[in-house]
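The structure appears right after this line, and notes come after that.
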Amino acid sequence: MKCPFCNAEDTRVIDSRPADDNTAIRRRRQCEVCGKRFTTFEKTETLPFMVVKKDESRVPYDRSKLEGGILRSCHKRPISPKQISALVDEIESVIFHQESKEVSTDTIGEMVMERLKNLDQVAYVRFASVYREFKDINTFMEEIGKLLGGGLKAEGKELEK
């Protein structure tokens, strides 16, 4: 493993321990040349699968795209990076255990929304607005109405539809 500081190829493992619910190994390494320490993660390589987009094109699955969408919807919300990572891990686990080697963006989007609804309702509405391509304020209000169980209320007042 190359040292990220000096690019030397001579590093040694100082400590190894399980990470991500025993799905990965976290290794602390030390460079033999510069002496600096760094962390690496080792994960089982999964078989690549394709994501079927709305236009029927297919692209390889990319965790960072899923994580990025969730991160944007959770911006300035009381949600930790650990919670976001756990959410992505949970979705990946469901996807990877399917029989199919393809998954649609609709399926992924619905899984994200289902989990965000329970985690943070503001993040849920943010994600839904992009995922469902809200065109106007009425669409937002309908989605918020679903969250509130039908009747929209703002500071104790009934909102008109």
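We label chains A, B, ... in the order they appear in the structure tokens, count residues from 1 in each chain, and number ligands from 1 in the order shown.
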Check which residues of region 21-55 of chain A sit at most 10 Å from region 89-108 of chain A using only C-alpha atoms, and return one row each with the closest pair of atoms and their distance in Å to one decimal, ordered by chain and rising number, as a tab-separated table.
```
residue	atom	partner	partner_atom	distance
A:Asp21	CA	A:Asp89	CA	9.8
A:Thr23	CA	A:Asp89	CA	9.8
A:Thr46	CA	A:Phe96	CA	7.9
A:Leu47	CA	A:Lys101	CA	8.4
A:Pro48	CA	A:Lys101	CA	7.7
A:Phe49	CA	A:Lys101	CA	4.9
A:Met50	CA	A:Glu102	CA	4.7
A:Val51	CA	A:Val103	CA	5.0
A:Val52	CA	A:Ser104	CA	4.5
A:Lys53	CA	A:Thr105	CA	5.4
A:Lys54	CA	A:Thr105	CA	6.9
```
Could you write out, as a ChimeraX atom specification, all the residues of chain A that DSSP marks as helix (DSSP H, G or I)?
-> /A:63-73,81-96,105-119,121-131,137-147
Chain A: which residues are strand (DSSP E or B) by DSSP, as a PyMOL selection string?
-> chain A and resi 11-19+24-31+37-43+50-52+58-60+102-104+153-154+157-158
I need the residues from that last selection saved to file as a tab-separated table (two decimals), in the first residue's frame (with N, CA, C and O atoms), if you can.
```tsv
chain	number	residue	atom	x	y	z
A	11	THR	N	4.96	0.21	3.50
A	11	THR	CA	4.17	0.53	4.69
A	11	THR	C	3.88	-0.76	5.43
A	11	THR	O	3.90	-1.84	4.85
A	12	ARG	N	3.61	-0.64	6.72
A	12	ARG	CA	3.28	-1.83	7.50
A	12	ARG	C	1.99	-1.61	8.27
A	12	ARG	O	1.65	-0.48	8.65
A	13	VAL	N	1.28	-2.70	8.52
A	13	VAL	CA	0.02	-2.66	9.27
A	13	VAL	C	0.35	-2.63	10.75
A	13	VAL	O	1.09	-3.47	11.26
A	14	ILE	N	-0.22	-1.65	11.45
A	14	ILE	CA	-0.02	-1.51	12.90
A	14	ILE	C	-1.17	-2.15	13.65
A	14	ILE	O	-0.99	-2.80	14.68
A	15	ASP	N	-2.39	-1.96	13.13
A	15	ASP	CA	-3.59	-2.45	13.81
A	15	ASP	C	-4.66	-2.78	12.79
A	15	ASP	O	-4.80	-2.08	11.78
A	16	SER	N	-5.40	-3.86	13.01
A	16	SER	CA	-6.53	-4.23	12.17
A	16	SER	C	-7.72	-4.51	13.06
A	16	SER	O	-7.58	-5.14	14.12
A	17	ARG	N	-8.89	-4.04	12.62
A	17	ARG	CA	-10.11	-4.33	13.37
A	17	ARG	C	-11.30	-4.29	12.43
A	17	ARG	O	-11.26	-3.64	11.40
A	18	PRO	N	-12.37	-4.99	12.79
A	18	PRO	CA	-13.58	-4.99	11.95
A	18	PRO	C	-14.20	-3.60	11.90
A	18	PRO	O	-14.10	-2.82	12.85
A	19	ALA	N	-14.86	-3.30	10.80
A	19	ALA	CA	-15.56	-2.03	10.63
A	19	ALA	C	-16.87	-2.28	9.89
A	19	ALA	O	-17.06	-3.33	9.27
A	24	ALA	N	-16.26	-4.92	6.67
A	24	ALA	CA	-15.00	-4.36	6.20
A	24	ALA	C	-13.95	-4.50	7.31
A	24	ALA	O	-14.27	-4.81	8.45
A	25	ILE	N	-12.70	-4.28	6.93
A	25	ILE	CA	-11.60	-4.29	7.90
A	25	ILE	C	-10.91	-2.93	7.84
A	25	ILE	O	-10.56	-2.44	6.77
A	26	ARG	N	-10.76	-2.33	9.01
A	26	ARG	CA	-10.07	-1.04	9.12
A	26	ARG	C	-8.63	-1.34	9.52
A	26	ARG	O	-8.39	-2.05	10.48
A	27	ARG	N	-7.69	-0.81	8.76
A	27	ARG	CA	-6.27	-1.05	9.07
A	27	ARG	C	-5.55	0.28	9.29
A	27	ARG	O	-5.68	1.19	8.49
A	28	ARG	N	-4.82	0.36	10.39
A	28	ARG	CA	-3.93	1.50	10.63
A	28	ARG	C	-2.57	1.09	10.09
A	28	ARG	O	-2.07	0.00	10.38
A	29	ARG	N	-2.00	1.93	9.27
A	29	ARG	CA	-0.71	1.64	8.66
A	29	ARG	C	0.28	2.74	8.99
A	29	ARG	O	-0.11	3.88	9.26
A	30	GLN	N	1.55	2.38	8.91
A	30	GLN	CA	2.61	3.36	9.13
A	30	GLN	C	3.62	3.23	8.00
A	30	GLN	O	4.03	2.12	7.64
A	31	CYS	N	4.02	4.37	7.46
A	31	CYS	CA	5.00	4.39	6.39
A	31	CYS	C	6.38	4.15	7.00
A	31	CYS	O	6.76	4.77	7.99
A	37	ARG	N	1.28	7.97	9.81
A	37	ARG	CA	0.27	6.93	9.90
A	37	ARG	C	-0.96	7.31	9.10
A	37	ARG	O	-1.30	8.48	8.97
A	38	PHE	N	-1.65	6.30	8.58
A	38	PHE	CA	-2.89	6.53	7.84
A	38	PHE	C	-3.77	5.29	7.97
A	38	PHE	O	-3.33	4.24	8.41
A	39	THR	N	-5.03	5.45	7.61
A	39	THR	CA	-6.02	4.38	7.74
A	39	THR	C	-6.48	3.92	6.36
A	39	THR	O	-6.69	4.73	5.47
A	40	THR	N	-6.63	2.61	6.21
A	40	THR	CA	-7.21	2.06	4.99
A	40	THR	C	-8.38	1.15	5.39
A	40	THR	O	-8.44	0.68	6.53
A	41	PHE	N	-9.29	0.95	4.45
A	41	PHE	CA	-10.41	0.05	4.66
A	41	PHE	C	-10.39	-1.00	3.57
A	41	PHE	O	-10.16	-0.71	2.41
A	42	GLU	N	-10.65	-2.22	3.97
A	42	GLU	CA	-10.70	-3.34	3.03
A	42	GLU	C	-12.11	-3.90	3.06
A	42	GLU	O	-12.64	-4.22	4.11
A	43	LYS	N	-12.76	-3.94	1.88
A	43	LYS	CA	-14.13	-4.44	1.76
A	43	LYS	C	-14.19	-5.54	0.73
A	43	LYS	O	-13.43	-5.54	-0.23
A	50	MET	N	-25.87	-2.95	-12.60
A	50	MET	CA	-26.22	-1.78	-13.37
A	50	MET	C	-27.45	-1.09	-12.79
A	50	MET	O	-28.34	-1.75	-12.26
A	51	VAL	N	-27.46	0.22	-12.94
A	51	VAL	CA	-28.61	1.02	-12.55
A	51	VAL	C	-29.32	1.44	-13.83
A	51	VAL	O	-28.69	1.98	-14.74
A	52	VAL	N	-30.62	1.17	-13.88
A	52	VAL	CA	-31.42	1.52	-15.05
A	52	VAL	C	-32.05	2.88	-14.77
A	52	VAL	O	-32.85	3.04	-13.84
A	58	ARG	N	-28.35	2.48	-19.06
A	58	ARG	CA	-27.78	1.73	-17.95
A	58	ARG	C	-26.39	2.25	-17.63
A	58	ARG	O	-25.59	2.46	-18.53
A	59	VAL	N	-26.16	2.44	-16.33
A	59	VAL	CA	-24.85	2.91	-15.87
A	59	VAL	C	-24.44	2.02	-14.70
A	59	VAL	O	-25.29	1.49	-13.98
A	60	PRO	N	-23.14	1.84	-14.49
A	60	PRO	CA	-22.69	1.05	-13.33
A	60	PRO	C	-23.11	1.74	-12.03
A	60	PRO	O	-23.12	2.96	-11.94
A	102	GLU	N	-29.59	-5.83	-12.10
A	102	GLU	CA	-29.98	-4.47	-12.47
A	102	GLU	C	-30.99	-3.96	-11.46
A	102	GLU	O	-31.79	-4.72	-10.94
A	103	VAL	N	-30.94	-2.67	-11.20
A	103	VAL	CA	-31.90	-2.03	-10.31
A	103	VAL	C	-32.25	-0.67	-10.91
A	103	VAL	O	-31.39	-0.01	-11.47
A	104	SER	N	-33.51	-0.31	-10.82
A	104	SER	CA	-33.93	0.97	-11.41
A	104	SER	C	-33.71	2.12	-10.44
A	104	SER	O	-33.69	1.93	-9.21
A	153	LYS	N	-51.42	21.71	8.44
A	153	LYS	CA	-51.57	22.70	9.49
A	153	LYS	C	-50.28	23.49	9.62
A	153	LYS	O	-49.20	22.94	9.53
A	154	ALA	N	-50.42	24.77	9.81
A	154	ALA	CA	-49.27	25.63	10.05
A	154	ALA	C	-49.60	26.50	11.25
A	154	ALA	O	-50.56	27.27	11.22
A	157	LYS	N	-53.24	26.46	12.33
A	157	LYS	CA	-54.27	26.87	11.37
A	157	LYS	C	-54.35	25.87	10.24
A	157	LYS	O	-53.34	25.38	9.75
A	158	GLU	N	-55.55	25.61	9.81
A	158	GLU	CA	-55.77	24.72	8.67
A	158	GLU	C	-55.38	25.47	7.40
A	158	GLU	O	-55.78	26.60	7.20
```
Find the residues near Val88 (chain A): any atom within 8 Å, counting only C-alpha atoms, skip ones fewer than 3 places away on the same chain, and give them as an MDAnalysis selection string.
-> chainID A and resid 63 66:67 84:85 91:92
Atom-to-atom span, CA of Cys74 (chain A) and CA of Leu147 (chain A), Å |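 Separation of CA of Cys74 (chain A) and CA of Leu147 (chain A): 17.1 Å.
Every protein, DNA or RNA residue with an atom at most 10 Å from Phe127 (chain A), where only C-alpha atoms count and chain neighbours fewer than 2 positions away do not, is listed here: Gly69, Ile70, Leu71, Arg72, Ser73, Cys74, Gly109, Val112, Met113, Leu116, Lys117, Gln121, Val122, Ala123, Tyr124, Val125, Ser129, Val130, Tyr131, Arg132 and Glu133 of chain A.
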Å distance separating CA of Leu148 (chain A) from CA of Arg126 (chain A), one decimal place |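 Computing it gives 15.7 Å between the two atoms.
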Atom-to-atom span, CA of Glu9 (chain A) and CA of Gly35 (chain A), Å = 12.4 Å
